[in-house]
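Worksheet for the structure shown next.
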Amino acid sequence: MLLRYWVTLVVLAALTFSSLVSGHELEGHATDQNIAWYTGKHWSVGTSLPMYLQTLTPQKKFSLTGGEQISVLKFKTQVADEYVIDFRNSTLVGEYKHLLFDRNDKLVTLRQGGMLRTEPSEYFLRNGQNIRLGQGQYTLITYQTSQFNIAPPTPFIIEKSKYISQLRVGNSITLIGLGILTALFFYYLVLSMVRASLIDLTYALFILGNLLFNSTSLLVAADLFGLRWFGGASWPILFSNIAYIVFVMSLLQVSRTKNAILWYIGVGILTVFTSVLIASIWFPHYQNEFNRLSVGVFLLYGITVGLRFSFQGRTIAQLYLLANVGFVVLGGIAISQEQIQGLQTIYMSHIGLLAVVCEVLLLSFVIAYQMVILEADKSRALKQAKEMLSIAQTDPLTRLPNRYAMEKHLLEVGKQNSFIYIDLDGLKLCNDSYGHDMGDKLLRLFSQKMLAALPNRCRLYRISGDEFGIILDNDLEQQVVEAIYYIESELKLIFDVHVGVSFGRAKFGEYLQYHQAIQAADEDMYSNKKRKKAVTS
């Protein structure tokens, strides 16, 4: 059943991803979109566009370590329409400036924005800028600067109607994915407090790190809460990577004594991650590159440990590997690719969010399974403890509660209770004459008959040897005494040797402490035994 859920979720994630890749076309009314990257100075008023373009230095590759990037996008519009200028691959842009020129190299419009600017966005969770364009050829120069980049924010032009319809998919992934992470974060956080579990706590921290990272990189933190901080797209992941290593070591029970190599590797990775966390303070532009490397390392460590323990037949490790299938596939794409051809409004951060949500949901099954196993172990241990306690409090011959059980009961007695101390007469003679089997029969028979005759509010105990005790309510004393006399008469008929029952009574209310009442009942019993001997002799 669990395997079926695993396969279903992974297949759904794969189908969703494939549909995203195939369902977006770059071409529309805005065609022939050709973009190139450059470095150089900003365009200034009075400088002709062709002359300015000659001053730019071509850049072979977009730099993900941040800084200023200049792009030149040439495109054509087939019809006059409402269009949108936006970035594909990533929405995490610190600041940007769009300068749009027509075919006559005349500046048509200038638009600015970005996560670090205060201008309100025209679109929720996007950098889209509305503009109406006539048919013709245009050149878009974009200056953008960021601390670092998740993926290359590449400018593109799209019809407004198509843009709005495509936003729904990406925004749905963002809001649903973050909603799932938020709910599961609080669930595991509370669970960690209730169970005092390091596994639950580190998993909650791992989820929190990814929640903060995706909230920042997908502009949720900026648009909803006004949090315009690039560190939200780096620091949380650095911390969550540390939490994940501890989570894996705790979940799969990597032991320093039993799995020394894996344990020391895990500790070494934690040391490296902590060093990277500190180094990122002095190398802010490389924070996301540190993230990519760290994610790859903890994935490799988790898979290695999972495989090692799976070969040993550990079910938890096998389920952990199954849970990581979707995360490895989607997460591998998210950290290894800069852009995926065909995607316009679905970013690499969306792919990473899908990977994390897939991981979190599937690992929830693993943790739930572990909880079931632990609860079953706890139930078995509790059952065994109860059985051992029952054995410790039960006389093996008569199956009556023993002296230990009686001592526990005596702690609860009150003034309304009495105690009867019983001694079987003739047990030694029975053993000497017929053997211990006959003596054991006498003890068992007395216990059975006494139990059957006692009222509900009485409790019979075997104290030791031929001595028994009864704790009862005061108003039942006469009824119990009559039962003792009756059972004594029956025993005399069954056994040839002289047997009998001597007993003494005491009320707990007449003494300061319960053991004084027990001693008084014992003394009363011996007095009765002496009187019986005197009569028979």
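Identifiers for the structure tokens are assigned positionally: chains receive A, B, ... in sequence, residues are indexed from 1 per chain, and ligands are indexed from 1 in the order shown.
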
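Summary of the local environment: counting only C-alpha atoms, residues at most 10 Å from Leu251 (chain A), other than itself and those fewer than 6 positions away along its chain, are A:Leu198, A:Ile199, A:Asp200, A:Thr202, A:Tyr203, A:Ile245, A:Ile316, A:Ala317, A:Tyr320, A:Val366, A:Ile367, A:Gln370.
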
Discussion item. Which of region 207-307 of chain A end up as helix (DSSP H, G or I) when DSSP is run on this backbone - answer as an MDAnalysis selection string?
Written reply: chainID A and resid 207:217 220:225 230:233 235:251 260:282 284:307

Discussion item. Neighbouring residues of Tyr461 (chain A) were defined as those with any atom within 7 Å, considering only C-alpha atoms; residues of the same chain fewer than 5 positions away were excluded. Please report them as number ranges by chain.
Written reply: A: 400-403, 406, 468-470
